[in-house]
file entry-v4.cif (mmCIF, C-alpha atoms)
data_my_file
#
loop_
_atom_site.label_atom_id
_atom_site.label_comp_id
_atom_site.auth_asym_id
_atom_site.auth_seq_id
_atom_site.Cartn_x
_atom_site.Cartn_y
_atom_site.Cartn_z
CA MET N 1026 -34.71 69.12 46.55
CA ASN N 1027 -36.63 72.06 47.92
CA ARG N 1028 -40.41 72.29 48.15
CA LYS N 1029 -40.80 75.05 45.57
CA SER N 1030 -39.07 73.21 42.72
CA GLU N 1031 -41.08 70.10 43.55
CA LYS N 1032 -44.32 72.10 43.25
CA GLU N 1033 -43.36 73.50 39.87
CA LYS N 1034 -43.07 70.06 38.31
CA PRO N 1035 -46.20 68.70 36.70
CA ASN N 1036 -47.98 65.79 38.31
CA LEU N 1037 -47.65 62.39 36.59
CA LEU N 1038 -51.37 61.69 36.98
CA PHE N 1039 -52.19 65.00 35.28
CA CYS N 1040 -49.84 64.15 32.39
CA LEU N 1041 -51.39 60.71 31.99
CA CYS N 1042 -54.89 62.23 31.96
CA MET N 1043 -53.89 64.73 29.29
CA ASP N 1044 -52.49 61.92 27.15
CA VAL N 1045 -55.71 59.91 27.56
CA LEU N 1046 -57.71 62.98 26.50
CA GLY N 1047 -55.46 63.23 23.45
CA CYS N 1048 -56.36 59.64 22.54
CA ILE N 1049 -60.09 60.26 22.87
CA THR N 1050 -60.60 59.76 19.13
CA TYR N 1051 -59.45 56.16 19.54
CA ILE N 1052 -61.25 55.48 22.81
CA LEU N 1053 -64.73 56.87 22.08
CA PRO N 1054 -66.47 55.58 18.97
CA PHE N 1055 -68.42 58.83 18.35
CA ALA N 1056 -65.33 61.05 18.47
CA SER N 1057 -63.48 61.60 15.23
CA GLU N 1058 -60.25 63.15 14.08
CA TRP N 1059 -62.16 66.45 13.84
CA THR N 1060 -62.14 66.74 17.62
CA ASP N 1061 -58.36 67.06 17.39
CA ILE N 1062 -58.74 70.36 15.54
CA PHE N 1063 -60.28 71.82 18.69
CA PHE N 1064 -58.24 69.88 21.22
CA ALA N 1065 -54.77 70.39 19.68
CA PRO N 1066 -54.40 74.14 20.36
CA LEU N 1067 -55.85 73.73 23.85
CA SER N 1068 -53.49 70.85 24.58
CA ALA N 1069 -50.49 72.81 23.30
CA TYR N 1070 -51.43 75.81 25.46
CA ILE N 1071 -51.82 73.60 28.54
CA PHE N 1072 -48.49 71.93 27.75
CA TYR N 1073 -46.75 75.30 27.62
CA ARG N 1074 -48.40 76.51 30.85
CA VAL N 1075 -47.49 73.30 32.70
CA PHE N 1076 -43.89 72.91 31.52
CA GLY N 1077 -43.04 76.56 30.72
CA GLY N 1078 -39.81 78.04 29.42
CA LYS N 1079 -38.02 77.22 26.20
CA LYS N 1080 -38.58 73.48 26.58
CA GLY N 1081 -42.25 74.15 27.19
CA LYS N 1082 -42.50 76.13 23.94
CA ILE N 1083 -40.74 73.41 21.96
CA GLY N 1084 -42.83 70.70 23.61
CA ALA N 1085 -46.04 72.64 22.99
CA LEU N 1086 -45.20 72.87 19.30
CA ILE N 1087 -44.44 69.14 19.16
CA ASN N 1088 -47.68 68.45 21.06
CA LEU N 1089 -49.68 70.61 18.65
CA ILE N 1090 -48.25 68.82 15.61
CA GLU N 1091 -48.76 65.41 17.22
CA GLU N 1092 -52.41 66.14 18.00
CA LEU N 1093 -53.15 67.58 14.55
CA MET N 1094 -51.49 64.77 12.58
CA PRO N 1095 -53.88 61.91 11.92
CA SER N 1096 -53.06 58.49 13.39
CA ILE N 1097 -50.33 59.54 15.83
CA ASP N 1098 -52.49 60.62 18.77
CA PHE N 1099 -51.29 57.60 20.71
CA ILE N 1100 -47.89 59.19 21.44
CA PRO N 1101 -47.94 60.16 25.14
CA THR N 1102 -46.37 63.61 24.74
CA PHE N 1103 -47.19 64.86 28.24
CA THR N 1104 -45.90 61.69 29.92
CA ILE N 1105 -42.69 61.67 27.88
CA ALA N 1106 -42.11 65.31 28.82
CA TYR N 1107 -42.83 64.51 32.48
CA PHE N 1108 -40.18 61.78 32.61
CA PHE N 1109 -37.75 63.85 30.56
CA ARG N 1110 -38.10 66.72 33.01
CA LYS N 1111 -37.97 64.47 36.05
CA HIS N 1112 -34.80 62.62 35.03
CA TYR N 1113 -32.85 65.12 32.94
CA ASP N 1114 -33.61 68.48 34.57
CA GLN N 1115 -32.11 67.70 37.96
#
call {"tool": "encode", "arguments": {"input": "entry-v4.cif", "output": "structure tokens"}}
result
Amino acid sequence: MNRKSEKEKPNLLFCLCMDVLGCITYILPFASEWTDIFFAPLSAYIFYRVFGGKKGKIGALINLIEELMPSIDFIPTFTIAYFFRKHYDQ
């Protein structure tokens, strides 16, 4: 694998951090589901910028829906996409 394609892949630690931020409503007692209204579009935009392309657009839409829907913030969208890209896009 060349260096350029390795650089274009997102970092696992970054993906894990984004998923933890998405779960902030469960981790911090003062945060509520209302924080997801602000975080969801930002998360979807970051998802698209990190993964890019058609799969990035689809993943960003899934990420947006997942963040906006109550009670399913625990799904690690970024981490799933990381492993999907790592194992299936070779």
call {"tool": "atom_distance", "arguments": {"input": "entry-v4.cif", "atom1": "CA of Tyr1070 in chain N", "atom2": "CA of Lys1111 in chain N"}}
result
20.5 Å
call {"tool": "resolve_selection", "arguments": {"input": "entry-v4.cif", "expression": "the PyMOL selection byres ((chain N and resi 1067) around 12)", "output": "PDB file with C-alpha atoms, in the frame of the given file"}}
result
ATOM      1  CA  MET N1043     -53.890  64.730  29.290  1.00  0.00           C
ATOM      2  CA  LEU N1046     -57.710  62.980  26.500  1.00  0.00           C
ATOM      3  CA  GLY N1047     -55.460  63.230  23.450  1.00  0.00           C
ATOM      4  CA  THR N1060     -62.140  66.740  17.620  1.00  0.00           C
ATOM      5  CA  ASP N1061     -58.360  67.060  17.390  1.00  0.00           C
ATOM      6  CA  ILE N1062     -58.740  70.360  15.540  1.00  0.00           C
ATOM      7  CA  PHE N1063     -60.280  71.820  18.690  1.00  0.00           C
ATOM      8  CA  PHE N1064     -58.240  69.880  21.220  1.00  0.00           C
ATOM      9  CA  ALA N1065     -54.770  70.390  19.680  1.00  0.00           C
ATOM     10  CA  PRO N1066     -54.400  74.140  20.360  1.00  0.00           C
ATOM     11  CA  SER N1068     -53.490  70.850  24.580  1.00  0.00           C
ATOM     12  CA  ALA N1069     -50.490  72.810  23.300  1.00  0.00           C
ATOM     13  CA  TYR N1070     -51.430  75.810  25.460  1.00  0.00           C
ATOM     14  CA  ILE N1071     -51.820  73.600  28.540  1.00  0.00           C
ATOM     15  CA  PHE N1072     -48.490  71.930  27.750  1.00  0.00           C
ATOM     16  CA  TYR N1073     -46.750  75.300  27.620  1.00  0.00           C
ATOM     17  CA  ARG N1074     -48.400  76.510  30.850  1.00  0.00           C
ATOM     18  CA  ALA N1085     -46.040  72.640  22.990  1.00  0.00           C
ATOM     19  CA  LEU N1086     -45.200  72.870  19.300  1.00  0.00           C
ATOM     20  CA  ASN N1088     -47.680  68.450  21.060  1.00  0.00           C
ATOM     21  CA  LEU N1089     -49.680  70.610  18.650  1.00  0.00           C
ATOM     22  CA  GLU N1092     -52.410  66.140  18.000  1.00  0.00           C
ATOM     23  CA  LEU N1093     -53.150  67.580  14.550  1.00  0.00           C
TER      24      LEU N1093
END
call {"tool": "atom_distance", "arguments": {"input": "entry-v4.cif", "atom1": "CA of Pro1035 in chain N", "atom2": "CA of Met1094 in chain N"}}
result
25.0 Å
call {"tool": "atom_distance", "arguments": {"input": "entry-v4.cif", "atom1": "CA of Ser1057 in chain N", "atom2": "CA of Leu1037 in chain N"}}
result
26.6 Å
call {"tool": "closest_residue", "arguments": {"input": "entry-v4.cif", "among": "N:Ala1056, N:Ile1097, N:Ile1049, N:Ala1106", "to": "Ile1083 in chain N", "atoms": "all atoms listed in the file"}}
result
N:Ala1106
call {"tool": "residues_around", "arguments": {"input": "entry-v4.cif", "residues": "Phe1076 in chain N", "least_positions_apart": "6", "cutoff": "10 Å", "atoms": "only C-alpha atoms", "output": "list of chain:residue names"}}
result
N:Glu1033, N:Lys1034, N:Pro1035, N:Lys1082, N:Gly1084, N:Ala1085, N:Phe1103, N:Ala1106, N:Tyr1107, N:Arg1110
call {"tool": "build_atoms", "arguments": {"input": "entry-v4.cif", "residues": "range 1102-1115 of chain N", "atoms": "N, CA and C atoms", "output": "mmCIF file, in the frame of the given file"}}
result
data_model
loop_
_atom_site.group_PDB
_atom_site.id
_atom_site.type_symbol
_atom_site.label_atom_id
_atom_site.label_comp_id
_atom_site.auth_asym_id
_atom_site.auth_seq_id
_atom_site.Cartn_x
_atom_site.Cartn_y
_atom_site.Cartn_z
ATOM 1 N N THR N 1102 -47.244 62.443 24.701
ATOM 2 C CA THR N 1102 -46.370 63.610 24.740
ATOM 3 C C THR N 1102 -46.179 64.167 26.141
ATOM 4 N N PHE N 1103 -47.271 64.316 26.882
ATOM 5 C CA PHE N 1103 -47.190 64.860 28.240
ATOM 6 C C PHE N 1103 -46.371 63.945 29.145
ATOM 7 N N THR N 1104 -46.605 62.640 29.052
ATOM 8 C CA THR N 1104 -45.900 61.690 29.920
ATOM 9 C C THR N 1104 -44.422 61.623 29.570
ATOM 10 N N ILE N 1105 -44.100 61.657 28.300
ATOM 11 C CA ILE N 1105 -42.690 61.670 27.880
ATOM 12 C C ILE N 1105 -42.009 62.918 28.428
ATOM 13 N N ALA N 1106 -42.679 64.066 28.309
ATOM 14 C CA ALA N 1106 -42.110 65.310 28.820
ATOM 15 C C ALA N 1106 -41.956 65.273 30.337
ATOM 16 N N TYR N 1107 -42.913 64.642 31.021
ATOM 17 C CA TYR N 1107 -42.830 64.510 32.480
ATOM 18 C C TYR N 1107 -41.565 63.752 32.874
ATOM 19 N N PHE N 1108 -41.350 62.586 32.257
ATOM 20 C CA PHE N 1108 -40.180 61.780 32.610
ATOM 21 C C PHE N 1108 -38.885 62.454 32.154
ATOM 22 N N PHE N 1109 -38.928 63.113 31.020
ATOM 23 C CA PHE N 1109 -37.750 63.850 30.560
ATOM 24 C C PHE N 1109 -37.377 64.915 31.581
ATOM 25 N N ARG N 1110 -38.358 65.661 32.031
ATOM 26 C CA ARG N 1110 -38.100 66.720 33.010
ATOM 27 C C ARG N 1110 -37.665 66.147 34.349
ATOM 28 N N LYS N 1111 -38.280 65.071 34.754
ATOM 29 C CA LYS N 1111 -37.970 64.470 36.050
ATOM 30 C C LYS N 1111 -36.541 63.921 36.093
ATOM 31 N N HIS N 1112 -36.100 63.299 35.013
ATOM 32 C CA HIS N 1112 -34.800 62.620 35.030
ATOM 33 C C HIS N 1112 -33.646 63.456 34.471
ATOM 34 N N TYR N 1113 -33.933 64.387 33.580
ATOM 35 C CA TYR N 1113 -32.850 65.120 32.940
ATOM 36 C C TYR N 1113 -32.706 66.566 33.402
ATOM 37 N N ASP N 1114 -33.684 67.087 34.116
ATOM 38 C CA ASP N 1114 -33.610 68.480 34.570
ATOM 39 C C ASP N 1114 -33.211 68.591 36.040
ATOM 40 N N GLN N 1115 -32.503 67.644 36.546
ATOM 41 C CA GLN N 1115 -32.110 67.700 37.960
ATOM 42 C C GLN N 1115 -30.743 68.292 38.125
#
